[in-house]
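S.K.: What follows is data-v8.cif; its format and atoms are mmCIF, C-alpha atoms.
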```cif
data_entry
loop_
_atom_site.label_atom_id
_atom_site.label_comp_id
_atom_site.auth_asym_id
_atom_site.auth_seq_id
_atom_site.Cartn_x
_atom_site.Cartn_y
_atom_site.Cartn_z
CA MET A 1 36.70 38.32 21.08
CA GLN A 2 37.72 34.87 22.20
CA ARG A 3 38.09 34.72 26.02
CA ILE A 4 40.09 31.48 26.35
CA ALA A 5 43.10 31.22 24.05
CA GLN A 6 43.58 28.48 21.50
CA ILE A 7 46.56 26.18 21.99
CA ASP A 8 49.32 26.09 19.40
CA ALA A 9 49.91 22.38 18.83
CA ALA A 10 53.61 22.99 18.18
CA THR A 11 54.18 24.35 21.69
CA ALA A 12 51.60 22.26 23.56
CA PRO A 13 52.55 19.59 26.12
CA ALA A 14 53.26 16.17 24.58
CA LYS A 15 49.95 14.63 25.69
CA THR A 16 48.03 17.53 24.14
CA GLN A 17 50.09 17.30 20.95
CA ASP A 18 49.19 13.61 20.68
CA LEU A 19 45.48 14.35 21.11
CA LEU A 20 45.55 17.14 18.54
CA ALA A 21 47.52 14.96 16.10
CA ALA A 22 44.83 12.29 16.40
CA VAL A 23 42.13 14.89 15.69
CA THR A 24 44.08 16.16 12.68
CA LYS A 25 44.44 12.62 11.35
CA GLN A 26 40.71 11.94 11.74
CA MET A 27 39.33 15.32 10.63
CA GLY A 28 42.08 16.76 8.45
CA GLY A 29 42.46 19.70 10.83
CA VAL A 30 41.58 20.88 14.31
CA PRO A 31 38.45 22.99 14.83
CA ASN A 32 38.79 26.05 17.05
CA LEU A 33 36.64 24.37 19.71
CA LEU A 34 39.23 21.64 20.18
CA LYS A 35 42.20 24.02 19.92
CA THR A 36 40.63 25.96 22.77
CA MET A 37 39.57 22.95 24.80
CA ALA A 38 43.20 21.79 24.51
CA GLN A 39 44.05 24.24 27.31
CA SER A 40 43.22 21.19 29.43
CA SER A 41 44.44 17.87 28.06
CA ALA A 42 42.11 16.19 30.60
CA ALA A 43 39.05 18.03 29.26
CA LEU A 44 40.05 17.42 25.64
CA SER A 45 40.75 13.75 26.29
CA GLY A 46 37.45 13.36 28.14
CA TYR A 47 35.49 15.07 25.38
CA LEU A 48 37.13 13.02 22.62
CA GLY A 49 36.62 9.79 24.56
CA PHE A 50 32.96 10.50 25.27
CA ALA A 51 32.28 11.64 21.69
CA GLY A 52 34.04 8.56 20.31
CA ALA A 53 32.18 6.20 22.59
CA ILE A 54 28.70 7.49 21.80
CA SER A 55 29.44 7.67 18.08
CA GLY A 56 29.66 3.86 18.23
CA GLY A 57 26.16 3.55 19.65
CA THR A 58 22.88 2.64 18.01
CA LEU A 59 21.79 6.14 16.97
CA THR A 60 22.51 7.08 13.37
CA SER A 61 25.05 9.80 12.67
CA ALA A 62 22.21 11.87 11.17
CA LEU A 63 20.14 11.67 14.37
CA ARG A 64 23.18 12.48 16.52
CA GLU A 65 23.72 15.63 14.42
CA GLN A 66 20.02 16.52 14.60
CA ILE A 67 20.18 16.19 18.39
CA ALA A 68 23.27 18.42 18.43
CA LEU A 69 21.44 21.02 16.35
CA THR A 70 18.41 20.97 18.66
CA VAL A 71 20.62 21.39 21.73
CA ALA A 72 22.56 24.21 20.02
CA GLY A 73 19.30 25.94 19.17
CA ALA A 74 17.96 25.58 22.71
CA ASN A 75 21.21 26.92 24.18
CA ALA A 76 21.81 29.61 21.53
CA CYS A 77 25.24 28.25 20.63
CA ASP A 78 26.18 29.63 17.22
CA TYR A 79 29.48 27.73 17.19
CA CYS A 80 27.77 24.36 17.59
CA ALA A 81 24.91 25.31 15.24
CA SER A 82 27.50 26.19 12.61
CA ALA A 83 29.67 23.10 13.11
CA HIS A 84 26.78 20.65 13.33
CA THR A 85 24.99 22.12 10.32
CA MET A 86 28.09 21.23 8.29
CA LEU A 87 28.47 17.82 9.98
CA ALA A 88 24.76 17.10 9.48
CA LYS A 89 25.16 17.72 5.76
CA GLY A 90 27.90 15.08 5.73
CA ALA A 91 25.50 12.72 7.54
CA GLY A 92 22.83 13.20 4.88
CA VAL A 93 20.71 15.91 6.52
CA ASP A 94 19.81 18.65 4.04
CA LYS A 95 20.08 22.35 4.85
CA ALA A 96 16.32 22.92 5.25
CA GLU A 97 16.01 19.97 7.63
CA ALA A 98 19.03 21.16 9.66
CA ALA A 99 17.41 24.59 10.00
CA GLU A 100 14.24 22.96 11.33
CA ASN A 101 16.30 20.79 13.69
CA LEU A 102 17.63 23.96 15.37
CA HIS A 103 14.02 24.52 16.48
CA GLY A 104 13.56 20.89 17.56
CA ARG A 105 11.48 20.05 14.51
CA SER A 106 11.88 17.54 11.67
CA SER A 107 10.08 16.47 8.52
CA ASP A 108 10.20 12.90 9.89
CA PRO A 109 7.66 12.12 12.66
CA LYS A 110 9.98 9.73 14.54
CA THR A 111 12.79 12.28 14.52
CA THR A 112 10.34 14.99 15.62
CA THR A 113 9.45 12.86 18.64
CA ALA A 114 13.14 12.47 19.53
CA LEU A 115 13.86 16.18 19.11
CA THR A 116 10.78 17.15 21.14
CA PHE A 117 12.13 14.93 23.91
CA VAL A 118 15.57 16.57 23.55
CA ARG A 119 14.09 20.07 23.87
CA GLU A 120 12.19 19.02 27.01
CA LEU A 121 15.32 17.37 28.39
CA VAL A 122 17.29 20.60 27.97
CA ARG A 123 14.46 22.87 29.17
CA THR A 124 13.73 20.82 32.30
CA ARG A 125 17.39 19.97 33.03
CA GLY A 126 16.59 16.28 32.78
CA HIS A 127 13.25 16.26 34.59
CA VAL A 128 11.22 15.00 31.63
CA SER A 129 7.63 13.91 32.02
CA ASP A 130 6.50 10.31 32.00
CA ALA A 131 4.40 11.17 28.93
CA SER A 132 7.45 12.38 27.00
CA LEU A 133 9.37 9.22 27.78
CA LYS A 134 6.36 7.11 26.76
CA ASP A 135 6.04 9.08 23.50
CA LEU A 136 9.70 8.42 22.77
CA THR A 137 9.42 4.68 23.34
CA ALA A 138 6.12 4.52 21.43
CA ALA A 139 7.93 6.12 18.47
CA GLY A 140 10.31 3.16 18.42
CA PHE A 141 13.20 4.22 20.63
CA ASP A 142 14.18 1.42 23.01
CA GLN A 143 15.86 1.99 26.38
CA GLU A 144 19.34 1.80 24.84
CA ALA A 145 18.42 4.57 22.41
CA VAL A 146 16.92 6.68 25.22
CA VAL A 147 20.19 6.41 27.17
CA GLU A 148 22.17 7.39 24.07
CA ILE A 149 19.90 10.37 23.41
CA VAL A 150 20.57 11.59 26.95
CA ALA A 151 24.31 11.01 26.47
CA ASN A 152 24.31 13.00 23.22
CA VAL A 153 22.44 15.85 24.88
CA ALA A 154 24.94 15.90 27.77
CA LEU A 155 27.93 15.97 25.41
CA ASN A 156 26.41 18.82 23.42
CA ILE A 157 25.51 20.83 26.50
CA PHE A 158 29.17 20.60 27.49
CA THR A 159 30.34 22.01 24.16
CA ASN A 160 27.60 24.68 24.13
CA TYR A 161 28.55 25.90 27.59
CA PHE A 162 32.24 25.68 26.81
CA ASN A 163 31.78 27.83 23.71
CA HIS A 164 29.76 30.38 25.68
CA VAL A 165 32.49 30.68 28.31
CA ALA A 166 35.37 30.69 25.82
CA ALA A 167 33.59 32.79 23.17
CA THR A 168 35.13 30.37 20.68
CA GLU A 169 35.71 31.94 17.27
CA VAL A 170 33.42 30.25 14.75
CA ASP A 171 35.49 28.59 12.04
CA PHE A 172 32.57 27.16 10.02
CA PRO A 173 30.02 28.96 7.85
CA LEU A 174 28.04 30.90 10.44
CA VAL A 175 24.59 29.68 11.45
CA SER A 176 22.79 31.98 13.88
CA THR A 177 20.65 30.49 16.63
CA ARG A 178 18.93 33.75 17.50
CA ALA A 179 15.57 32.71 16.01
CA ALA A 180 15.86 29.18 17.48
CA ALA A 181 16.56 30.55 20.96
CA VAL A 182 13.53 32.86 20.78
CA ALA A 183 11.34 29.91 19.73
CA ALA A 184 12.66 27.81 22.63
CA ALA A 185 11.80 30.42 25.26
#
```
As structure tokens, what does this structure read like?

M.R.:
Amino acid sequence: MQRIAQIDAATAPAKTQDLLAAVTKQMGGVPNLLKTMAQSSAALSGYLGFAGAISGGTLTSALREQIALTVAGANACDYCASAHTMLAKGAGVDKAEAAENLHGRSSDPKTTTALTFVRELVRTRGHVSDASLKDLTAAGFDQEAVVEIVANVALNIFTNYFNHVAATEVDFPLVSTRAAAVAAA
């Protein structure tokens, strides 16, 4: 059962209504995550601003979704695994690849290097080894990309933790992270 209520846009404060209207315009609807996060217009505004800013970075939309899947798998967040599996498909990532991404793996060696770094970043709470950072740069990720990978991980940790606290009702086809979480341990 959901532990933090979703906001009804019709009765929300004006600032929250504006934010939710912008989400509806962009996405065609408002996912339960954002309806719930709307309990705080500051949190919702911050999330949307951060997500919008990093979406304009140098990482491809596919890699951003693959990072989100790896973080969701590491943090056992079924909501984010479900949402980002669907979003990854829209970014050109097939279902089998998305399933591997939940475990921090990829069929592409460069992406595997990035996702291995992401798993270490989550596992060590940011205290990655020099070797991991060198592997990432040797795979072709410059310093700008490294910063954006860290930013994407941070954004996804926020949504993972938020969903754990709120017990957000999954409104996408369900993808379970149980096996990914066991593999990450």

S.K.: Of the candidates A:Asn160, A:Gln66, A:Thr112, A:Ser132, which one gets nearest to Asp94 of chain A if we count only C-alpha atoms?

M.R.: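 So, comparing all the options, the nearest one is A:Gln66.
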
S.K.: Name the residues that the PyMOL selection byres ((chain A and resi 126) around 12) pulls out of this structure, and write them as a ChimeraX atom specification.

M.R.: /A:117-125,127-130,132-133,147,149-151,153-154,157

S.K.: If I take atom CA of Thr85 of chain A and atom CA of Lys110 of chain A, how far is one from the other in Å, to one decimal?

M.R.: 19.9 Å

S.K.: Once you add 6 Å to each side, what are the centre and edge lengths of the axis-aligned box holding all listed atoms of segment 164-174 of chain A? One decimal in Å, as AutoDock Vina command-line options, if you can.

M.R.:
```
--center_x 31.9 --center_y 30.0 --center_z 18.1 --size_x 19.7 --size_y 17.6 --size_z 32.5
```

S.K.: So the first atom is atom CA of Thr11 of chain A and the second is atom CA of Lys25 of chain A; what is the distance between them in Å, to one decimal place?

M.R.: 18.4 Å

S.K.: Go through A:Ala72, A:Ala62, A:Leu34, A:Leu102 one by one, measure the shortest atom-to-atom distance of each to Asp171 of chain A using only C-alpha atoms, and give the residue with the smallest value.

M.R.: A:Leu34

S.K.: Any chance you could resolve the PyMOL selection byres ((chain A and resi 165) around 12) against this file and give the residues as a list of chain:residue names?

M.R.: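 Checked against the file, the PyMOL selection byres ((chain A and resi 165) around 12) matches A:Met1, A:Gln2, A:Arg3, A:Ile4, A:Ala5, A:Leu33, A:Thr36, A:Met37, A:Cys77, A:Tyr79, A:Phe158, A:Thr159, A:Asn160, A:Tyr161, A:Phe162, A:Asn163, A:His164, A:Ala166, A:Ala167, A:Thr168, A:Glu169.
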
S.K.: Mind checking which residues fall within 10 Å of Arg105 of chain A, counting all atoms listed in the file, ignoring those fewer than 4 positions away in the same chain, and posting them as a ChimeraX atom specification?

M.R.: /A:66,70,97-101,109,111-116,119

S.K.: Could you state which residues are captured by the PyMOL selection byres ((chain A and resi 63) around 9) in this file, as a PyMOL selection string?

M.R.: chain A and resi 59-62+64-68+88+91+93+111+114

S.K.: List as a ChimeraX atom specification the protein and nucleic acid residues near Asp8 of chain A, meaning an atom at most 12 Å away when only C-alpha atoms are counted, but skip any in the same chain fewer than 5 places from it.

M.R.: /A:13-14,16-17,20-21,30,32,34-39

S.K.: Mind dumping a table of every segment 85-179 of chain A residue within 8 Å of segment 44-57 of chain A, with the nearest atom pair and its distance in Å to one decimal, using all atoms listed in the file, sorted by chain and rising number, as JSON lines?

M.R.:
```
{"residue": "A:Glu148", "atom": "CA", "partner": "A:Ile54", "partner_atom": "CA", "distance": 6.9}
{"residue": "A:Ala151", "atom": "CA", "partner": "A:Ile54", "partner_atom": "CA", "distance": 7.3}
{"residue": "A:Asn152", "atom": "CA", "partner": "A:Ile54", "partner_atom": "CA", "distance": 7.2}
{"residue": "A:Leu155", "atom": "CA", "partner": "A:Ala51", "partner_atom": "CA", "distance": 7.2}
```

S.K.: Quick one: of A:Leu69, A:Ala131, A:Val175, A:Val23, who's nearest to Ser106 of chain A, counting only C-alpha atoms?

M.R.: A:Leu69

S.K.: Quick one, how far is atom CA of Ala138 of chain A from atom CA of Ser107 of chain A?

M.R.: 18.0 Å

S.K.: I'd like to know which of A:Met86, A:Ala96, A:Ala10, A:Val71 is closest to Asn156 of chain A, using only C-alpha atoms.

M.R.: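 Looking only at the distances to Asn156 of chain A, the closest residue turns out to be A:Val71.
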
S.K.: Please produce segment 33-48 of chain A, completed to N, CA and C atoms, as a PDB file, in the coordinates of the input.

M.R.:
```
ATOM      1  N   LEU A  33      37.145  24.919  18.446  1.00  0.00           N
ATOM      2  CA  LEU A  33      36.640  24.370  19.710  1.00  0.00           C
ATOM      3  C   LEU A  33      37.690  23.497  20.372  1.00  0.00           C
ATOM      4  N   LEU A  34      38.265  22.589  19.598  1.00  0.00           N
ATOM      5  CA  LEU A  34      39.230  21.640  20.180  1.00  0.00           C
ATOM      6  C   LEU A  34      40.578  22.297  20.450  1.00  0.00           C
ATOM      7  N   LYS A  35      40.971  23.274  19.632  1.00  0.00           N
ATOM      8  CA  LYS A  35      42.200  24.020  19.920  1.00  0.00           C
ATOM      9  C   LYS A  35      42.074  24.774  21.239  1.00  0.00           C
ATOM     10  N   THR A  36      40.868  25.224  21.532  1.00  0.00           N
ATOM     11  CA  THR A  36      40.630  25.960  22.770  1.00  0.00           C
ATOM     12  C   THR A  36      40.485  25.006  23.953  1.00  0.00           C
ATOM     13  N   MET A  37      39.746  23.941  23.748  1.00  0.00           N
ATOM     14  CA  MET A  37      39.570  22.950  24.800  1.00  0.00           C
ATOM     15  C   MET A  37      40.918  22.328  25.185  1.00  0.00           C
ATOM     16  N   ALA A  38      41.871  22.363  24.279  1.00  0.00           N
ATOM     17  CA  ALA A  38      43.200  21.790  24.510  1.00  0.00           C
ATOM     18  C   ALA A  38      43.971  22.515  25.616  1.00  0.00           C
ATOM     19  N   GLN A  39      43.439  23.614  26.129  1.00  0.00           N
ATOM     20  CA  GLN A  39      44.050  24.240  27.310  1.00  0.00           C
ATOM     21  C   GLN A  39      44.118  23.243  28.455  1.00  0.00           C
ATOM     22  N   SER A  40      43.210  22.275  28.440  1.00  0.00           N
ATOM     23  CA  SER A  40      43.220  21.190  29.430  1.00  0.00           C
ATOM     24  C   SER A  40      43.250  19.872  28.677  1.00  0.00           C
ATOM     25  N   SER A  41      44.378  19.171  28.746  1.00  0.00           N
ATOM     26  CA  SER A  41      44.440  17.870  28.060  1.00  0.00           C
ATOM     27  C   SER A  41      43.425  16.904  28.673  1.00  0.00           C
ATOM     28  N   ALA A  42      43.113  17.060  29.957  1.00  0.00           N
ATOM     29  CA  ALA A  42      42.110  16.190  30.600  1.00  0.00           C
ATOM     30  C   ALA A  42      40.731  16.444  30.001  1.00  0.00           C
ATOM     31  N   ALA A  43      40.354  17.713  29.842  1.00  0.00           N
ATOM     32  CA  ALA A  43      39.050  18.030  29.260  1.00  0.00           C
ATOM     33  C   ALA A  43      38.979  17.569  27.809  1.00  0.00           C
ATOM     34  N   LEU A  44      40.033  17.828  27.044  1.00  0.00           N
ATOM     35  CA  LEU A  44      40.050  17.420  25.640  1.00  0.00           C
ATOM     36  C   LEU A  44      39.985  15.902  25.520  1.00  0.00           C
ATOM     37  N   SER A  45      40.756  15.210  26.314  1.00  0.00           N
ATOM     38  CA  SER A  45      40.750  13.750  26.290  1.00  0.00           C
ATOM     39  C   SER A  45      39.374  13.207  26.682  1.00  0.00           C
ATOM     40  N   GLY A  46      38.776  13.791  27.708  1.00  0.00           N
ATOM     41  CA  GLY A  46      37.450  13.360  28.140  1.00  0.00           C
ATOM     42  C   GLY A  46      36.404  13.594  27.065  1.00  0.00           C
ATOM     43  N   TYR A  47      36.445  14.759  26.445  1.00  0.00           N
ATOM     44  CA  TYR A  47      35.490  15.070  25.380  1.00  0.00           C
ATOM     45  C   TYR A  47      35.660  14.098  24.216  1.00  0.00           C
ATOM     46  N   LEU A  48      36.893  13.905  23.762  1.00  0.00           N
ATOM     47  CA  LEU A  48      37.130  13.020  22.620  1.00  0.00           C
ATOM     48  C   LEU A  48      36.728  11.576  22.945  1.00  0.00           C
TER      49      LEU A  48
END
```
